[in-house]
Amino acid sequence: MTQAKAFESLSEWRDALAALGAKPLHARMLSRALMGRAALLDPEDARFPKRLRMSWESLLARWNAVLRLHSRHPGSDGESERLLGLLADGEAIESVLLPRRGVCVSTQCGCAVGCRFCMTGRGGLRRQLSDVEIAAQAALARKLRPETKKVVFMGMGEPSHNWRAVESALVFLAEYGEFSRRDLVVSTVGDPRLFARLSVMDLKPALALSLHTIDDAKRRFLLPNGCRMSADEVLEAALSYAEASAYPLQIEWTLLAGVNDGADEARALAEKLRGRYAMVNYIPVNAIPEAGYARPDRERALELVKTLRSAGVVATLRDSAAQEVEGGCGQLRARVFRAAPPHPPVSGR
Ligand code: SF4
């Protein structure tokens, strides 16, 4: 059987509907159906144009060809689950079903930022994801877990490096997936073009900043292609956005033993955040042998949390979801495809 030609963009999906006589109301109903918020089209339903009904199966096949589920990797917490998906051209991406009804999606295949502690960064950027490939990850999550209510753009890739597609996917998810803007969380290393765009967007997503350190030299080393702004500039821009959009900034800080887990840095961070609209998530690194970084011990990490809390800053110590199944972003993809070439997709989609 020949494989249906996958949609290359959300506008191609909309155009295909319009070409078959769909009115805006029909397009809305069917887009909501893809996002698990309405029933799929019944070919007998006379509210839809006949041409559209007759072509519905092939439209759905084209949508399903965008992203195929390759394999599922449940975490031992019983809630997290890593998903490895195959795109139409054979590239693979990771998404993660999170506890508390969330899904973490990828925005690029690979990543150009090159964070030294990240497996995805080590492979560089392979290609951008289209808006439909990003939205399809949330649709898949809804299919596997209909209760999914939050989308975190924190998987493979740097959203600001593929902003046009990310913005289009955000708008689609808010409109047809009924995700509230507070439940659409964009994670970034920070980029002036992103802050400029966010300031004029109607949809104001929540923001997470991958800060990792407030020392500029250290940050430039850890994030070789992610520091168009100084740590102070990026922090101020992100805080200003959070305060203007009335939703707190999440600061992500990957903890690397002996690198960015010092008490001095925690105290300095606490001073910068005192009275500001932000919270800090410390995330011990998912150690990858190639990188040579280790996690600090738990007591040390808890000390950092305490330092921030004593300055009135909300801080938590987290584990990245499902890390025991080849943990940090890019590791699962790297492991599976190092061991064997892609298998045919699993059924169910
Ligand atoms: S941590 Fe994120 S920004 Fe850094 S290289 Fe990995 S995917 Fe890119």
# chains A, B, ... in the order shown; residues from 1 in each chain; ligands from 1

call {"tool": "select_by_dssp", "arguments": {"residues": "region 16-254 of chain A", "states": "helix (DSSP H, G or I)", "output": "ChimeraX atom specification"}}
result
/A:16-19,24-34,50-64,119-123,131-144,159-176,181-183,192-200,216-222,231-245

call {"tool": "residues_around", "arguments": {"residues": "Glu265 (chain A)", "least_positions_apart": "6", "cutoff": "10 Å", "atoms": "only C-alpha atoms", "output": "count of residues only"}}
result
5

call {"tool": "closest_residue", "arguments": {"among": "A:Ala46, A:Ala315, A:Ala139, A:Val132", "to": "Arg164 (chain A)", "atoms": "only C-alpha atoms"}}
result
A:Val132

call {"tool": "atom_distance", "arguments": {"atom1": "CA of Ala291 (chain A)", "atom2": "CA of Leu317 (chain A)"}}
result
22.0 Å

call {"tool": "select_by_dssp", "arguments": {"residues": "region 163-251 of chain A", "states": "strand (DSSP E or B)", "output": "PyMOL selection string"}}
result
chain A and resi 184-188+206-210+249-251

call {"tool": "residues_near_ligand", "arguments": {"ligand": "ligand 1", "cutoff": "8 Å", "atoms": "only C-alpha atoms and all ligand atoms", "output": "VMD selection string"}}
result
chain A and resid 110 to 122 124 154 to 158 188 to 189 210 223 226 329 to 330

call {"tool": "closest_residue", "arguments": {"among": "A:Ser245, A:Cys109, A:Glu175, A:His70", "to": "Ala27 (chain A)", "atoms": "only C-alpha atoms"}}
result
A:Glu175

call {"tool": "residues_around", "arguments": {"residues": "Glu91 (chain A)", "least_positions_apart": "4", "cutoff": "10 Å", "atoms": "only C-alpha atoms", "output": "PyMOL selection string"}}
result
chain A and resi 67+85-87+109-110+126-127+333+342

call {"tool": "write_last_selection", "arguments": {"atoms": "N, CA and C atoms", "output": "PDB file, in the first residue's frame"}}
result
ATOM      1  N   LEU A  67       3.110  12.361  11.402  1.00  0.00           N
ATOM      2  CA  LEU A  67       3.877  11.849  12.547  1.00  0.00           C
ATOM      3  C   LEU A  67       3.366  10.465  12.899  1.00  0.00           C
ATOM      4  N   GLY A  85       8.747   9.440  17.707  1.00  0.00           N
ATOM      5  CA  GLY A  85       7.879   9.556  16.541  1.00  0.00           C
ATOM      6  C   GLY A  85       8.688   9.642  15.257  1.00  0.00           C
ATOM      7  N   LEU A  86       8.119   9.122  14.189  1.00  0.00           N
ATOM      8  CA  LEU A  86       8.777   9.192  12.881  1.00  0.00           C
ATOM      9  C   LEU A  86       8.048  10.191  12.003  1.00  0.00           C
ATOM     10  N   LEU A  87       8.794  11.070  11.387  1.00  0.00           N
ATOM     11  CA  LEU A  87       8.215  12.035  10.450  1.00  0.00           C
ATOM     12  C   LEU A  87       8.172  11.419   9.055  1.00  0.00           C
ATOM     13  N   CYS A 109      14.242  19.226  14.576  1.00  0.00           N
ATOM     14  CA  CYS A 109      14.903  17.922  14.574  1.00  0.00           C
ATOM     15  C   CYS A 109      16.378  18.220  14.776  1.00  0.00           C
ATOM     16  N   GLY A 110      16.856  17.941  15.973  1.00  0.00           N
ATOM     17  CA  GLY A 110      18.192  18.388  16.351  1.00  0.00           C
ATOM     18  C   GLY A 110      18.123  19.803  16.903  1.00  0.00           C
ATOM     19  N   ARG A 126      19.344  19.165  12.408  1.00  0.00           N
ATOM     20  CA  ARG A 126      19.125  18.356  11.189  1.00  0.00           C
ATOM     21  C   ARG A 126      18.148  19.061  10.267  1.00  0.00           C
ATOM     22  N   ARG A 127      17.019  19.504  10.847  1.00  0.00           N
ATOM     23  CA  ARG A 127      16.112  20.345  10.070  1.00  0.00           C
ATOM     24  C   ARG A 127      15.055  20.961  10.983  1.00  0.00           C
ATOM     25  N   ARG A 333      16.331   9.072  21.154  1.00  0.00           N
ATOM     26  CA  ARG A 333      16.501   9.013  19.703  1.00  0.00           C
ATOM     27  C   ARG A 333      17.888   8.468  19.364  1.00  0.00           C
ATOM     28  N   PRO A 342      15.459   2.775  11.885  1.00  0.00           N
ATOM     29  CA  PRO A 342      14.051   2.862  12.262  1.00  0.00           C
ATOM     30  C   PRO A 342      13.262   1.637  11.818  1.00  0.00           C
TER      31      PRO A 342
END

call {"tool": "residues_around", "arguments": {"residues": "region 249-251 of chain A", "least_positions_apart": "3", "cutoff": "9 Å", "atoms": "only C-alpha atoms", "output": "short mmCIF file (atom, residue, chain, number, x, y, z; two decimals) with C-alpha atoms, in the first residue's frame"}}
result
data_model
loop_
_atom_site.label_atom_id
_atom_site.label_comp_id
_atom_site.auth_asym_id
_atom_site.auth_seq_id
_atom_site.Cartn_x
_atom_site.Cartn_y
_atom_site.Cartn_z
CA SER A 187 11.02 27.35 26.65
CA ALA A 206 3.83 31.27 29.30
CA LEU A 207 7.61 31.53 29.15
CA ALA A 208 10.37 29.30 30.49
CA LEU A 209 13.94 30.55 30.31
CA SER A 210 16.81 28.05 30.11
CA LEU A 211 19.25 30.15 32.08
CA HIS A 212 21.60 27.56 33.68
CA LEU A 235 16.84 37.56 32.35
CA ALA A 238 12.12 37.42 30.15
CA LEU A 239 11.06 38.92 33.49
CA TYR A 241 7.59 39.74 29.43
CA ALA A 242 6.33 37.65 32.36
CA GLU A 243 5.31 40.73 34.32
CA TYR A 277 7.60 37.41 39.00
CA ALA A 278 9.58 34.19 38.57
CA MET A 279 10.21 30.73 39.91
CA VAL A 280 13.28 28.54 39.57
CA ASN A 281 13.38 24.85 38.65
CA TYR A 282 16.66 23.16 39.40
#

call {"tool": "closest_residue", "arguments": {"among": "A:Ala22, A:Lys150, A:Asn286, A:Asp89", "to": "Arg51 (chain A)", "atoms": "only C-alpha atoms"}}
result
A:Ala22

call {"tool": "atom_distance", "arguments": {"atom1": "CA of Lys272 (chain A)", "atom2": "CA of Ala196 (chain A)"}}
result
22.5 Å

call {"tool": "closest_residue", "arguments": {"among": "A:Ala61, A:Tyr247, A:Ala39, A:Asp191", "to": "Ala231 (chain A)", "atoms": "only C-alpha atoms"}}
result
A:Asp191
